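The structure appears below as structure tokens.
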Amino acid sequence: MTQKLKVATSLEPTTITSKDVEHVSDIVDKTTINQPLVAVYCGSRIGNNPVYEAAARELGTALAENGMGLVYGGASIGLMGAVADTVIAGGAHVVGVIPKFMLDHEIAHEGLTRLHLTDTMHTRKAIMAEYADAFITLPGGLGTLEEIMEIATWRQLFQHEKPMIILNINGFYNPLVEHLKHTAEEGFMKQQDLDRLVVCNDIESAVSLLNKYVHIKDPVATHKL
């Protein structure tokens, strides 16, 4: 069962601010999390085709079965909630990170290992990136696109060396993939940067890739961003 996290209660987590990100290693303590965490970017809606929710639940189950936990946007709704529910059901760690102002619009998940509140979206993304050992993108809207493009940009700027996967369920990201190829062909992106953003059409291949590379634990240099 989930319920909306009430603001200004004694149980409310401390809000992490942009100033705190300067000391992000003090905030992101993974010593008690005995497994790698995968950041999953995805929609706060479930979409019009049931294949998307099914894929989100399948991904969550697969992560847990392969000894991986989750760091994500903290909500209990949409594909976000579907992934979190199945990772939790599988007995793995789940860390949620949600801006405080979004509690008026999204329902925070109650079953998380940890829930962090932040002051801004920028702080949220920095905290998630610090926790993550890899990044996967499921279908989603503007926020999802912005998140994976930003983390790919950080990789282009040598701020991390973590795996990045676009999970192209039902061909959802075909237009984006074609646009990125066009961007490289027109000379606005290096082919090597495009190649680092791996496209997987099914969950099995995505998890197989994670099992091969998820040992990469190079921290994101968030203090440079």
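To be explicit about the labels: the chains of the structure tokens are called A, B, and onward in the order shown, and within each one the residues are counted from 1, while ligands get numbers from 1 in the order they are shown.
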Using only C-alpha atoms, I'd like a table of the residues in region 137-195 of chain A that come within 7 Å of region 29-41 of chain A; for each, show the closest atom pair and its distance in Å rounded to one decimal, ordered by chain and ascending number, as a tab-separated table.
residue	atom	partner	partner_atom	distance
A:Thr137	CA	A:Tyr41	CA	4.7
A:Leu138	CA	A:Tyr41	CA	6.1
A:Thr144	CA	A:Tyr41	CA	5.6
A:Glu147	CA	A:Tyr41	CA	6.9
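Considering only region 49-208 of chain A, backbone DSSP assigns strand (DSSP E) to A:Gly69, A:Leu70, A:Val71, A:Tyr72, A:Val94, A:Val95, A:Gly96, A:Val97, A:Ile98, A:Pro99, A:Arg114, A:Leu115, A:His116, A:Leu117, A:Thr118, A:Ala134, A:Phe135, A:Ile136, A:Thr137, A:Met164, A:Ile165, A:Ile166, A:Leu167, A:Leu197, A:Val198, A:Val199, A:Cys200.
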Next, dump the selected residues to file, keeping only C-alpha atoms, as a CSV table (one decimal), in the first residue's frame.
chain,number,residue,atom,x,y,z
A,69,GLY,CA,18.8,-3.0,-7.0
A,70,LEU,CA,17.2,0.2,-8.2
A,71,VAL,CA,17.5,3.9,-7.9
A,72,TYR,CA,14.7,5.9,-9.5
A,94,VAL,CA,15.3,0.4,-3.9
A,95,VAL,CA,16.3,4.0,-3.4
A,96,GLY,CA,13.9,6.8,-4.4
A,97,VAL,CA,14.8,10.4,-5.1
A,98,ILE,CA,12.0,13.0,-5.5
A,99,PRO,CA,11.9,16.8,-5.5
A,114,ARG,CA,15.6,4.9,1.3
A,115,LEU,CA,13.7,8.0,0.2
A,116,HIS,CA,15.6,11.2,-0.4
A,117,LEU,CA,13.8,14.6,-0.9
A,118,THR,CA,15.5,17.2,-2.9
A,134,ALA,CA,24.4,1.9,-14.7
A,135,PHE,CA,21.5,3.6,-16.4
A,136,ILE,CA,18.5,2.2,-18.3
A,137,THR,CA,15.7,4.1,-20.0
A,164,MET,CA,23.9,3.5,-20.5
A,165,ILE,CA,21.1,1.5,-22.1
A,166,ILE,CA,18.0,2.6,-24.1
A,167,LEU,CA,15.5,-0.2,-23.6
A,197,LEU,CA,24.4,4.7,-25.7
A,198,VAL,CA,23.5,1.1,-26.2
A,199,VAL,CA,20.1,0.2,-27.7
A,200,CYS,CA,18.5,-3.1,-26.5
Next item on the list: Just the residues within 10 Å of Val21 (chain A), please, counting only C-alpha atoms, with nothing from its chain fewer than 3 positions along; format it as a PyMOL selection string.
Entry: chain A and resi 16-18+24-28+122-124+126-127+130+222-223
Leaving out region 178-193 of chain A and any residue of its chain fewer than 6 positions from it, which residues lie within 10 Å of it when counting only C-alpha atoms, given as number ranges by chain?
A: 152-153, 155-157
Since we have the selection now, will you write its residues out, keeping C-alpha atoms, as an mmCIF file, in the first residue's frame?
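Below you can see part-v1.cif, which holds the result:
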data_model
loop_
_atom_site.group_PDB
_atom_site.id
_atom_site.type_symbol
_atom_site.label_atom_id
_atom_site.label_comp_id
_atom_site.auth_asym_id
_atom_site.auth_seq_id
_atom_site.Cartn_x
_atom_site.Cartn_y
_atom_site.Cartn_z
ATOM 1 C CA ALA A 152 24.758 10.640 -22.080
ATOM 2 C CA THR A 153 26.074 14.202 -22.246
ATOM 3 C CA ARG A 155 29.517 10.616 -20.394
ATOM 4 C CA GLN A 156 30.518 12.598 -23.478
ATOM 5 C CA LEU A 157 32.155 15.113 -21.126
#
Practice item. Please identify all polymer residues within 12 Å of Asn48 (chain A), counting only C-alpha atoms, omitting same-chain residues fewer than 6 positions from it, and present them as an NGL selection string. Key: :A and (78-79 or 139-140 or 172)
Export N, CA and C atoms of the chosen residues as a PDB file, in the first residue's frame?
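As written to disk, part-v1.pdb reads:
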ATOM      1  N   GLY A  78       2.632   4.964 -12.410  1.00  0.00           N
ATOM      2  CA  GLY A  78       3.171   4.799 -13.741  1.00  0.00           C
ATOM      3  C   GLY A  78       4.176   3.669 -13.845  1.00  0.00           C
ATOM      4  N   LEU A  79       5.028   3.749 -14.880  1.00  0.00           N
ATOM      5  CA  LEU A  79       6.068   2.737 -15.047  1.00  0.00           C
ATOM      6  C   LEU A  79       7.058   2.786 -13.891  1.00  0.00           C
ATOM      7  N   PRO A 139      10.387   3.427 -21.815  1.00  0.00           N
ATOM      8  CA  PRO A 139       9.558   4.478 -22.402  1.00  0.00           C
ATOM      9  C   PRO A 139       9.106   5.505 -21.367  1.00  0.00           C
ATOM     10  N   GLY A 140       8.953   6.730 -21.818  1.00  0.00           N
ATOM     11  CA  GLY A 140       8.516   7.824 -20.958  1.00  0.00           C
ATOM     12  C   GLY A 140       8.345   9.085 -21.764  1.00  0.00           C
ATOM     13  N   PHE A 172       9.641   1.725 -29.314  1.00  0.00           N
ATOM     14  CA  PHE A 172       9.266   3.055 -28.840  1.00  0.00           C
ATOM     15  C   PHE A 172      10.310   4.110 -29.200  1.00  0.00           C
TER      16      PHE A 172
END
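Considering only C-alpha atoms, the residue among A:Phe101, A:Thr86, A:Asn66, A:Ile148 positioned nearest to Leu210 (chain A) is A:Asn66.
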